[in-house]
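Participant: Input structure: start_25.pdb, which contains PDB, C-alpha atoms, pLDDT in the B column.
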ATOM      1  CA  MET L   1       0.584 -82.858  81.175  1.00 65.00           C
ATOM      2  CA  GLU L   2      -0.398 -86.488  81.464  1.00 77.00           C
ATOM      3  CA  VAL L   3      -1.173 -88.091  78.120  1.00 80.00           C
ATOM      4  CA  SER L   4      -4.765 -89.084  78.938  1.00 84.00           C
ATOM      5  CA  ARG L   5      -5.644 -85.516  79.997  1.00 85.00           C
ATOM      6  CA  PHE L   6      -4.051 -84.056  76.870  1.00 85.00           C
ATOM      7  CA  SER L   7      -5.875 -86.610  74.678  1.00 89.00           C
ATOM      8  CA  GLU L   8      -9.232 -85.923  76.311  1.00 93.00           C
ATOM      9  CA  ILE L   9      -8.936 -82.126  75.840  1.00 94.00           C
ATOM     10  CA  ASN L  10      -7.492 -82.593  72.382  1.00 93.00           C
ATOM     11  CA  GLU L  11     -10.429 -84.749  71.257  1.00 94.00           C
ATOM     12  CA  LYS L  12     -12.982 -82.243  72.587  1.00 95.00           C
ATOM     13  CA  LEU L  13     -11.198 -79.370  70.868  1.00 96.00           C
ATOM     14  CA  LYS L  14     -11.058 -81.271  67.590  1.00 95.00           C
ATOM     15  CA  ARG L  15     -14.875 -81.463  67.673  1.00 95.00           C
ATOM     16  CA  SER L  16     -15.417 -77.811  68.632  1.00 96.00           C
ATOM     17  CA  LEU L  17     -12.907 -76.022  66.367  1.00 97.00           C
ATOM     18  CA  ASP L  18     -12.792 -75.774  62.588  1.00 96.00           C
ATOM     19  CA  PRO L  19      -9.884 -77.664  60.943  1.00 96.00           C
ATOM     20  CA  TYR L  20      -7.696 -74.560  60.449  1.00 95.00           C
ATOM     21  CA  ARG L  21      -8.177 -73.423  64.054  1.00 96.00           C
ATOM     22  CA  TYR L  22      -7.500 -76.910  65.383  1.00 97.00           C
ATOM     23  CA  VAL L  23      -4.159 -77.188  63.534  1.00 97.00           C
ATOM     24  CA  HIS L  24      -3.245 -73.671  64.707  1.00 96.00           C
ATOM     25  CA  THR L  25      -4.129 -74.659  68.294  1.00 97.00           C
ATOM     26  CA  LEU L  26      -1.796 -77.666  68.207  1.00 97.00           C
ATOM     27  CA  GLY L  27       0.924 -75.373  66.875  1.00 97.00           C
ATOM     28  CA  VAL L  28       0.401 -72.890  69.703  1.00 98.00           C
ATOM     29  CA  ALA L  29       0.440 -75.677  72.310  1.00 97.00           C
ATOM     30  CA  GLY L  30       3.729 -77.055  70.970  1.00 97.00           C
ATOM     31  CA  THR L  31       5.326 -73.627  70.601  1.00 98.00           C
ATOM     32  CA  SER L  32       4.193 -72.636  74.103  1.00 98.00           C
ATOM     33  CA  ALA L  33       5.827 -75.788  75.485  1.00 98.00           C
ATOM     34  CA  ALA L  34       9.056 -75.045  73.579  1.00 98.00           C
ATOM     35  CA  LEU L  35       9.147 -71.446  74.828  1.00 98.00           C
ATOM     36  CA  ALA L  36       8.421 -72.655  78.365  1.00 98.00           C
ATOM     37  CA  MET L  37      11.418 -74.984  78.173  1.00 98.00           C
ATOM     38  CA  LYS L  38      13.618 -72.167  76.920  1.00 98.00           C
ATOM     39  CA  TRP L  39      12.446 -69.628  79.528  1.00 98.00           C
ATOM     40  CA  GLU L  40      12.151 -72.159  82.404  1.00 97.00           C
ATOM     41  CA  ALA L  41       8.402 -71.836  82.856  1.00 98.00           C
ATOM     42  CA  ASP L  42       5.998 -74.648  83.748  1.00 97.00           C
ATOM     43  CA  VAL L  43       5.914 -76.668  80.500  1.00 97.00           C
ATOM     44  CA  ASP L  44       2.650 -78.504  81.271  1.00 96.00           C
ATOM     45  CA  LYS L  45       0.876 -75.274  82.136  1.00 96.00           C
ATOM     46  CA  ALA L  46       2.192 -73.547  79.004  1.00 97.00           C
ATOM     47  CA  GLU L  47       1.139 -76.451  76.789  1.00 97.00           C
ATOM     48  CA  LEU L  48      -2.355 -76.533  78.321  1.00 97.00           C
ATOM     49  CA  ALA L  49      -2.786 -72.749  78.045  1.00 98.00           C
ATOM     50  CA  GLY L  50      -1.652 -72.931  74.408  1.00 98.00           C
ATOM     51  CA  LEU L  51      -4.025 -75.807  73.737  1.00 97.00           C
ATOM     52  CA  LEU L  52      -6.990 -73.911  75.183  1.00 98.00           C
ATOM     53  CA  HIS L  53      -6.144 -70.345  74.098  1.00 98.00           C
ATOM     54  CA  ASP L  54      -8.728 -70.394  71.270  1.00 98.00           C
ATOM     55  CA  CYS L  55     -11.276 -72.744  72.896  1.00 98.00           C
ATOM     56  CA  ALA L  56     -14.020 -70.100  72.443  1.00 97.00           C
ATOM     57  CA  LYS L  57     -12.934 -68.972  68.968  1.00 96.00           C
ATOM     58  CA  CYS L  58     -15.417 -70.983  66.896  1.00 96.00           C
ATOM     59  CA  ILE L  59     -18.447 -70.085  69.002  1.00 95.00           C
ATOM     60  CA  PRO L  60     -20.738 -67.834  66.894  1.00 94.00           C
ATOM     61  CA  SER L  61     -20.642 -64.115  67.824  1.00 89.00           C
ATOM     62  CA  GLU L  62     -24.152 -63.870  69.274  1.00 89.00           C
ATOM     63  CA  GLU L  63     -23.564 -66.983  71.366  1.00 94.00           C
ATOM     64  CA  ARG L  64     -20.274 -65.498  72.649  1.00 94.00           C
ATOM     65  CA  TYR L  65     -22.120 -62.471  73.998  1.00 93.00           C
ATOM     66  CA  ARG L  66     -24.793 -64.670  75.586  1.00 94.00           C
ATOM     67  CA  LEU L  67     -22.156 -66.836  77.262  1.00 96.00           C
ATOM     68  CA  CYS L  68     -20.317 -63.763  78.539  1.00 95.00           C
ATOM     69  CA  ALA L  69     -23.551 -62.627  80.198  1.00 93.00           C
ATOM     70  CA  GLU L  70     -24.114 -66.138  81.585  1.00 95.00           C
ATOM     71  CA  GLY L  71     -20.573 -66.223  82.991  1.00 95.00           C
ATOM     72  CA  GLY L  72     -20.693 -62.684  84.412  1.00 95.00           C
ATOM     73  CA  ILE L  73     -17.899 -61.558  82.065  1.00 95.00           C
ATOM     74  CA  SER L  74     -17.787 -57.810  81.560  1.00 92.00           C
ATOM     75  CA  LEU L  75     -16.783 -56.507  78.146  1.00 91.00           C
ATOM     76  CA  ASN L  76     -15.460 -53.051  77.326  1.00 88.00           C
ATOM     77  CA  GLU L  77     -16.907 -50.865  74.562  1.00 86.00           C
ATOM     78  CA  TYR L  78     -14.240 -51.979  72.115  1.00 84.00           C
ATOM     79  CA  GLU L  79     -15.013 -55.668  72.708  1.00 86.00           C
ATOM     80  CA  LEU L  80     -18.728 -55.009  72.327  1.00 87.00           C
ATOM     81  CA  ARG L  81     -18.015 -53.518  68.882  1.00 86.00           C
ATOM     82  CA  ASN L  82     -15.507 -56.222  67.883  1.00 84.00           C
ATOM     83  CA  PRO L  83     -16.869 -59.723  68.440  1.00 85.00           C
ATOM     84  CA  ALA L  84     -13.643 -61.316  67.138  1.00 83.00           C
ATOM     85  CA  LEU L  85     -11.870 -60.274  70.351  1.00 85.00           C
ATOM     86  CA  VAL L  86     -14.512 -61.634  72.708  1.00 94.00           C
ATOM     87  CA  HIS L  87     -13.187 -65.209  72.469  1.00 95.00           C
ATOM     88  CA  ALA L  88     -10.174 -64.267  74.610  1.00 95.00           C
ATOM     89  CA  LYS L  89     -12.335 -62.951  77.467  1.00 95.00           C
ATOM     90  CA  LEU L  90     -14.764 -65.856  77.140  1.00 97.00           C
ATOM     91  CA  GLY L  91     -11.989 -68.467  76.895  1.00 97.00           C
ATOM     92  CA  PRO L  92     -11.378 -68.935  80.643  1.00 98.00           C
ATOM     93  CA  TYR L  93     -15.092 -69.545  81.241  1.00 97.00           C
ATOM     94  CA  ILE L  94     -15.195 -72.182  78.481  1.00 97.00           C
ATOM     95  CA  ALA L  95     -11.897 -73.725  79.676  1.00 97.00           C
ATOM     96  CA  LYS L  96     -13.421 -74.186  83.124  1.00 97.00           C
ATOM     97  CA  ARG L  97     -16.953 -75.178  82.090  1.00 96.00           C
ATOM     98  CA  ASP L  98     -16.151 -77.498  79.169  1.00 96.00           C
ATOM     99  CA  TYR L  99     -12.602 -78.693  79.855  1.00 96.00           C
ATOM    100  CA  GLY L 100     -12.451 -78.823  83.653  1.00 95.00           C
ATOM    101  CA  VAL L 101      -9.500 -76.440  83.985  1.00 96.00           C
ATOM    102  CA  ASP L 102      -9.334 -74.386  87.177  1.00 95.00           C
ATOM    103  CA  ASP L 103      -6.041 -72.520  87.079  1.00 97.00           C
ATOM    104  CA  PRO L 104      -6.004 -68.701  87.314  1.00 97.00           C
ATOM    105  CA  GLU L 105      -2.615 -68.476  85.564  1.00 98.00           C
ATOM    106  CA  ILE L 106      -3.927 -70.403  82.560  1.00 98.00           C
ATOM    107  CA  PHE L 107      -7.051 -68.236  82.550  1.00 98.00           C
ATOM    108  CA  GLU L 108      -4.906 -65.064  82.506  1.00 98.00           C
ATOM    109  CA  ALA L 109      -2.834 -66.403  79.595  1.00 98.00           C
ATOM    110  CA  ILE L 110      -5.966 -67.217  77.597  1.00 98.00           C
ATOM    111  CA  GLU L 111      -7.551 -63.848  78.365  1.00 96.00           C
ATOM    112  CA  THR L 112      -4.562 -61.785  77.219  1.00 96.00           C
ATOM    113  CA  HIS L 113      -3.419 -63.770  74.172  1.00 96.00           C
ATOM    114  CA  THR L 114      -4.900 -61.361  71.605  1.00 93.00           C
ATOM    115  CA  THR L 115      -4.218 -57.852  72.924  1.00 93.00           C
ATOM    116  CA  GLY L 116      -1.570 -58.586  75.517  1.00 96.00           C
ATOM    117  CA  LYS L 117      -1.381 -56.310  78.540  1.00 96.00           C
ATOM    118  CA  PRO L 118       1.303 -54.289  80.298  1.00 97.00           C
ATOM    119  CA  ASP L 119       3.631 -56.265  82.563  1.00 97.00           C
ATOM    120  CA  MET L 120       2.458 -59.747  81.559  1.00 98.00           C
ATOM    121  CA  THR L 121       3.487 -62.832  83.511  1.00 98.00           C
ATOM    122  CA  LEU L 122       5.965 -65.211  81.882  1.00 98.00           C
ATOM    123  CA  LEU L 123       3.133 -67.600  80.961  1.00 98.00           C
ATOM    124  CA  GLN L 124       1.094 -64.780  79.414  1.00 98.00           C
ATOM    125  CA  LYS L 125       4.060 -63.666  77.294  1.00 98.00           C
ATOM    126  CA  ILE L 126       4.713 -67.240  76.189  1.00 98.00           C
ATOM    127  CA  VAL L 127       1.148 -67.868  74.960  1.00 98.00           C
ATOM    128  CA  PHE L 128       0.856 -64.376  73.434  1.00 98.00           C
ATOM    129  CA  THR L 129       4.073 -64.952  71.467  1.00 98.00           C
ATOM    130  CA  ALA L 130       3.356 -68.585  70.557  1.00 98.00           C
ATOM    131  CA  ASP L 131       0.017 -67.536  69.043  1.00 97.00           C
ATOM    132  CA  LEU L 132       1.853 -65.523  66.402  1.00 95.00           C
ATOM    133  CA  ILE L 133       5.009 -67.573  65.786  1.00 96.00           C
ATOM    134  CA  GLU L 134       3.635 -71.132  65.784  1.00 97.00           C
ATOM    135  CA  PRO L 135       4.814 -73.150  62.754  1.00 95.00           C
ATOM    136  CA  ASN L 136       1.472 -73.071  60.898  1.00 93.00           C
ATOM    137  CA  ARG L 137       1.496 -69.275  60.643  1.00 88.00           C
ATOM    138  CA  ASP L 138       2.530 -68.643  57.104  1.00 79.00           C
ATOM    139  CA  ASP L 139       5.373 -66.500  55.935  1.00 69.00           C
ATOM    140  CA  ARG L 140       2.996 -63.690  54.913  1.00 69.00           C
ATOM    141  CA  VAL L 141       3.159 -62.524  58.543  1.00 76.00           C
ATOM    142  CA  PRO L 142       5.768 -59.738  58.242  1.00 77.00           C
ATOM    143  CA  ASN L 143       9.230 -60.765  59.483  1.00 84.00           C
ATOM    144  CA  ILE L 144       7.931 -63.935  61.120  1.00 91.00           C
ATOM    145  CA  GLY L 145      11.344 -65.600  60.894  1.00 92.00           C
ATOM    146  CA  GLU L 146      12.972 -62.748  62.795  1.00 93.00           C
ATOM    147  CA  THR L 147      10.214 -62.783  65.420  1.00 94.00           C
ATOM    148  CA  ARG L 148      10.611 -66.550  65.866  1.00 96.00           C
ATOM    149  CA  ARG L 149      14.361 -66.155  66.396  1.00 96.00           C
ATOM    150  CA  ILE L 150      13.960 -63.274  68.841  1.00 97.00           C
ATOM    151  CA  ALA L 151      11.327 -65.170  70.878  1.00 98.00           C
ATOM    152  CA  PHE L 152      14.065 -67.612  71.906  1.00 98.00           C
ATOM    153  CA  GLU L 153      16.601 -64.835  72.620  1.00 98.00           C
ATOM    154  CA  ASP L 154      14.553 -62.011  74.177  1.00 97.00           C
ATOM    155  CA  LEU L 155      10.911 -62.750  75.012  1.00 98.00           C
ATOM    156  CA  ASP L 156      10.073 -59.127  75.900  1.00 97.00           C
ATOM    157  CA  GLY L 157      11.642 -58.092  72.607  1.00 96.00           C
ATOM    158  CA  ALA L 158       9.406 -60.555  70.740  1.00 97.00           C
ATOM    159  CA  VAL L 159       6.302 -59.220  72.522  1.00 98.00           C
ATOM    160  CA  TYR L 160       7.320 -55.677  71.549  1.00 97.00           C
ATOM    161  CA  LEU L 161       7.819 -56.649  67.879  1.00 95.00           C
ATOM    162  CA  ILE L 162       4.493 -58.485  67.707  1.00 95.00           C
ATOM    163  CA  VAL L 163       2.506 -55.605  69.227  1.00 96.00           C
ATOM    164  CA  GLU L 164       4.321 -52.946  67.221  1.00 95.00           C
ATOM    165  CA  ARG L 165       3.730 -54.752  63.911  1.00 92.00           C
ATOM    166  CA  SER L 166       0.132 -55.517  64.819  1.00 90.00           C
ATOM    167  CA  LEU L 167      -0.599 -51.847  65.581  1.00 92.00           C
ATOM    168  CA  ARG L 168       1.090 -50.753  62.371  1.00 91.00           C
ATOM    169  CA  TYR L 169      -1.010 -53.239  60.380  1.00 87.00           C
ATOM    170  CA  LEU L 170      -4.284 -52.157  62.041  1.00 87.00           C
ATOM    171  CA  GLU L 171      -3.477 -48.503  61.363  1.00 89.00           C
ATOM    172  CA  LYS L 172      -2.673 -49.297  57.718  1.00 89.00           C
ATOM    173  CA  ILE L 173      -6.031 -50.999  57.139  1.00 89.00           C
ATOM    174  CA  GLY L 174      -7.898 -48.336  59.146  1.00 87.00           C
ATOM    175  CA  LYS L 175      -9.141 -50.695  61.851  1.00 85.00           C
ATOM    176  CA  GLU L 176      -9.980 -49.547  65.361  1.00 84.00           C
ATOM    177  CA  ILE L 177      -7.284 -50.407  67.928  1.00 87.00           C
ATOM    178  CA  ASP L 178      -8.043 -51.814  71.361  1.00 87.00           C
ATOM    179  CA  PRO L 179      -6.732 -49.500  74.121  1.00 89.00           C
ATOM    180  CA  GLU L 180      -5.217 -52.554  75.843  1.00 91.00           C
ATOM    181  CA  SER L 181      -3.008 -53.152  72.787  1.00 93.00           C
ATOM    182  CA  ILE L 182      -1.787 -49.558  72.933  1.00 94.00           C
ATOM    183  CA  ALA L 183      -1.012 -49.878  76.659  1.00 96.00           C
ATOM    184  CA  THR L 184       0.835 -53.145  75.949  1.00 97.00           C
ATOM    185  CA  PHE L 185       2.848 -51.485  73.196  1.00 96.00           C
ATOM    186  CA  GLU L 186       3.805 -48.528  75.390  1.00 97.00           C
ATOM    187  CA  PHE L 187       4.911 -50.812  78.236  1.00 97.00           C
ATOM    188  CA  TYR L 188       7.075 -53.084  76.071  1.00 97.00           C
ATOM    189  CA  LYS L 189       8.443 -50.171  74.028  1.00 95.00           C
ATOM    190  CA  LYS L 190       9.959 -48.757  77.228  1.00 96.00           C
ATOM    191  CA  ILE L 191      11.664 -52.098  77.893  1.00 95.00           C
ATOM    192  CA  HIS L 192      12.809 -52.266  74.250  1.00 93.00           C
ATOM    193  CA  ASP L 193      14.142 -48.697  74.271  1.00 93.00           C
ATOM    194  CA  SER L 194      15.991 -49.240  77.553  1.00 93.00           C
ATOM    195  CA  LYS L 195      18.019 -52.031  75.903  1.00 88.00           C
ATOM    196  CA  GLN L 196      19.121 -49.880  72.946  1.00 79.00           C
TER     197      GLN L 196
END
Translate the structure described by the file into structure tokens.
Facilitator:
Amino acid sequence: MEVSRFSEINEKLKRSLDPYRYVHTLGVAGTSAALAMKWEADVDKAELAGLLHDCAKCIPSEERYRLCAEGGISLNEYELRNPALVHAKLGPYIAKRDYGVDDPEIFEAIETHTTGKPDMTLLQKIVFTADLIEPNRDDRVPNIGETRRIAFEDLDGAVYLIVERSLRYLEKIGKEIDPESIATFEFYKKIHDSKQ
């Protein structure tokens, strides 16, 4: 991505995200670029998708719902009950409206970075994985070192580990699980099991 474009988006994001989220965003952008180099994906596209993956994260919940209505974005029952997930669906709209991005592949990567989905594109898997393994994620994330290593050896394997651990954690704390996460887990478990 050309430096001026990166700088312009970066400056806007710095103003719209809280400090923690901004640092995390830079980590995801860098990790997405590194994974793209490893897996021979479009590095600029991966970096931009990583940079914008949380562009709607710091918008207050009520405003998120209003913007979804404004943008014609349909939400499922689970998303209506869990405002924290809405930023992923809203992200493509904000990326286009506020940052001038008009790339369906980047939009897909932003939209699926929280729950994943079965049979993700390479770019989707890269951003989904980078969101969890970026360097600012602390070591309290279970087995983060192993997941980081695997991401550069077997990207599908990393997706499987991330979803499996996420589901286990949500079950442990008694939190409702998005059906899309379950479908993602089942898809990548089959791939994982076939390699055993």
Participant: Have a look at L:Leu13, L:Val141, L:Ala88, L:Ile94 and name the one nearest to Phe128 (chain L); count all atoms listed in the file.
Facilitator: L:Ala88
Participant: Please, what distance in Å, to one decimal, runs between CA of Asp156 (chain L) and CA of Glu108 (chain L)?
Facilitator: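 Computed distance, CA of Asp156 (chain L) to CA of Glu108 (chain L), equals 17.4 Å.
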Participant: Given the PyMOL selection byres ((chain L and resi 81-85) around 10) and the file above, list the residues it selects as a list in words.
Facilitator: Lys57, Cys58, Pro60, Ser61, Glu62, Arg64, Tyr65, Leu75, Asn76, Glu77, Tyr78, Glu79, Leu80, Val86, His87, Ala88, Lys89, Leu90, Glu111, His113, Thr114, Thr115, Glu176 and Asp178 of chain L
Participant: Between CA of Asn136 (chain L) and CA of Ile191 (chain L), what distance in Å does the model show, to one decimal?
Facilitator: 28.9 Å
Participant: Report, in Å with one decimal, the straight-line distance from CA of Ser32 (chain L) to CA of Lys189 (chain L).
Facilitator: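 Those two atoms sit 22.9 Å apart.
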Participant: Apply the PyMOL selection byres ((chain L and resi 45) around 9) to the displayed file and report the matching residues as a list in words.
Facilitator: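 Applied to this file, the PyMOL selection byres ((chain L and resi 45) around 9) selects Met1, Ala33, Ala36, Ala41, Asp42, Val43, Asp44, Ala46, Glu47, Leu48, Ala49, Gly50, Asp103, Glu105, Ile106 and Leu123 of chain L.
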Participant: Using the incomplete input, complete region 7-18 of chain L to the level of all heavy atoms; output as a tab-separated table (two decimals), in the frame of the given file.
Facilitator:
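The resulting file, rebuild_10.tsv, is reproduced below:
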chain	number	residue	atom	x	y	z
L	7	SER	N	-5.05	-85.96	75.71
L	7	SER	CA	-5.88	-86.61	74.68
L	7	SER	C	-7.35	-86.25	74.82
L	7	SER	O	-8.03	-86.00	73.83
L	7	SER	CB	-5.73	-88.13	74.76
L	7	SER	OG	-4.42	-88.49	74.46
L	8	GLU	N	-7.82	-86.24	76.06
L	8	GLU	CA	-9.23	-85.92	76.31
L	8	GLU	C	-9.55	-84.49	75.85
L	8	GLU	O	-10.53	-84.26	75.14
L	8	GLU	CB	-9.50	-86.07	77.81
L	8	GLU	CG	-10.91	-85.74	78.24
L	8	GLU	CD	-11.02	-85.63	79.77
L	8	GLU	OE1	-10.24	-86.28	80.48
L	8	GLU	OE2	-11.90	-84.88	80.21
L	9	ILE	N	-8.72	-83.53	76.24
L	9	ILE	CA	-8.94	-82.13	75.84
L	9	ILE	C	-8.77	-81.98	74.34
L	9	ILE	O	-9.57	-81.32	73.67
L	9	ILE	CB	-7.98	-81.19	76.61
L	9	ILE	CG1	-8.38	-81.15	78.09
L	9	ILE	CG2	-7.98	-79.78	76.02
L	9	ILE	CD1	-7.41	-80.43	78.99
L	10	ASN	N	-7.76	-82.65	73.81
L	10	ASN	CA	-7.49	-82.59	72.38
L	10	ASN	C	-8.69	-83.08	71.56
L	10	ASN	O	-9.08	-82.45	70.58
L	10	ASN	CB	-6.24	-83.44	72.09
L	10	ASN	CG	-5.79	-83.34	70.67
L	10	ASN	OD1	-5.94	-82.33	70.02
L	10	ASN	ND2	-5.22	-84.42	70.17
L	11	GLU	N	-9.27	-84.20	71.97
L	11	GLU	CA	-10.43	-84.75	71.26
L	11	GLU	C	-11.63	-83.79	71.30
L	11	GLU	O	-12.32	-83.61	70.30
L	11	GLU	CB	-10.82	-86.12	71.83
L	11	GLU	CG	-9.94	-87.25	71.34
L	11	GLU	CD	-9.83	-87.33	69.82
L	11	GLU	OE1	-10.87	-87.33	69.14
L	11	GLU	OE2	-8.69	-87.38	69.32
L	12	LYS	N	-11.87	-83.20	72.46
L	12	LYS	CA	-12.98	-82.24	72.59
L	12	LYS	C	-12.75	-81.02	71.68
L	12	LYS	O	-13.66	-80.54	71.03
L	12	LYS	CB	-13.12	-81.77	74.04
L	12	LYS	CG	-14.14	-82.50	74.84
L	12	LYS	CD	-14.30	-81.82	76.19
L	12	LYS	CE	-15.51	-82.34	76.90
L	12	LYS	NZ	-15.68	-81.76	78.22
L	13	LEU	N	-11.52	-80.54	71.69
L	13	LEU	CA	-11.20	-79.37	70.87
L	13	LEU	C	-11.37	-79.68	69.38
L	13	LEU	O	-11.87	-78.87	68.63
L	13	LEU	CB	-9.75	-78.91	71.12
L	13	LEU	CG	-9.53	-78.06	72.35
L	13	LEU	CD1	-8.05	-77.90	72.62
L	13	LEU	CD2	-10.19	-76.69	72.22
L	14	LYS	N	-10.96	-80.86	68.99
L	14	LYS	CA	-11.06	-81.27	67.59
L	14	LYS	C	-12.51	-81.19	67.11
L	14	LYS	O	-12.78	-80.84	65.97
L	14	LYS	CB	-10.53	-82.70	67.45
L	14	LYS	CG	-10.16	-83.11	66.06
L	14	LYS	CD	-9.53	-84.49	66.10
L	14	LYS	CE	-8.78	-84.77	64.84
L	14	LYS	NZ	-8.07	-86.05	64.91
L	15	ARG	N	-13.44	-81.51	68.02
L	15	ARG	CA	-14.88	-81.46	67.67
L	15	ARG	C	-15.44	-80.04	67.70
L	15	ARG	O	-16.44	-79.76	67.06
L	15	ARG	CB	-15.68	-82.36	68.63
L	15	ARG	CG	-15.40	-83.84	68.44
L	15	ARG	CD	-16.38	-84.72	69.21
L	15	ARG	NE	-16.36	-84.50	70.65
L	15	ARG	CZ	-15.58	-85.15	71.51
L	15	ARG	NH1	-14.73	-86.06	71.06
L	15	ARG	NH2	-15.65	-84.90	72.79
L	16	SER	N	-14.82	-79.14	68.47
L	16	SER	CA	-15.42	-77.81	68.63
L	16	SER	C	-14.76	-76.72	67.79
L	16	SER	O	-15.28	-75.62	67.67
L	16	SER	CB	-15.41	-77.39	70.11
L	16	SER	OG	-14.08	-77.18	70.53
L	17	LEU	N	-13.61	-77.02	67.19
L	17	LEU	CA	-12.91	-76.02	66.37
L	17	LEU	C	-12.96	-76.42	64.90
L	17	LEU	O	-13.04	-77.61	64.58
L	17	LEU	CB	-11.44	-75.92	66.79
L	17	LEU	CG	-11.16	-75.50	68.24
L	17	LEU	CD1	-9.65	-75.56	68.52
L	17	LEU	CD2	-11.70	-74.10	68.53
L	18	ASP	N	-12.88	-75.42	64.01
L	18	ASP	CA	-12.79	-75.77	62.59
L	18	ASP	C	-11.38	-76.31	62.32
L	18	ASP	O	-10.47	-76.13	63.14
L	18	ASP	CB	-13.14	-74.57	61.70
L	18	ASP	CG	-12.18	-73.41	61.84
L	18	ASP	OD1	-10.95	-73.62	61.78
L	18	ASP	OD2	-12.65	-72.27	62.00
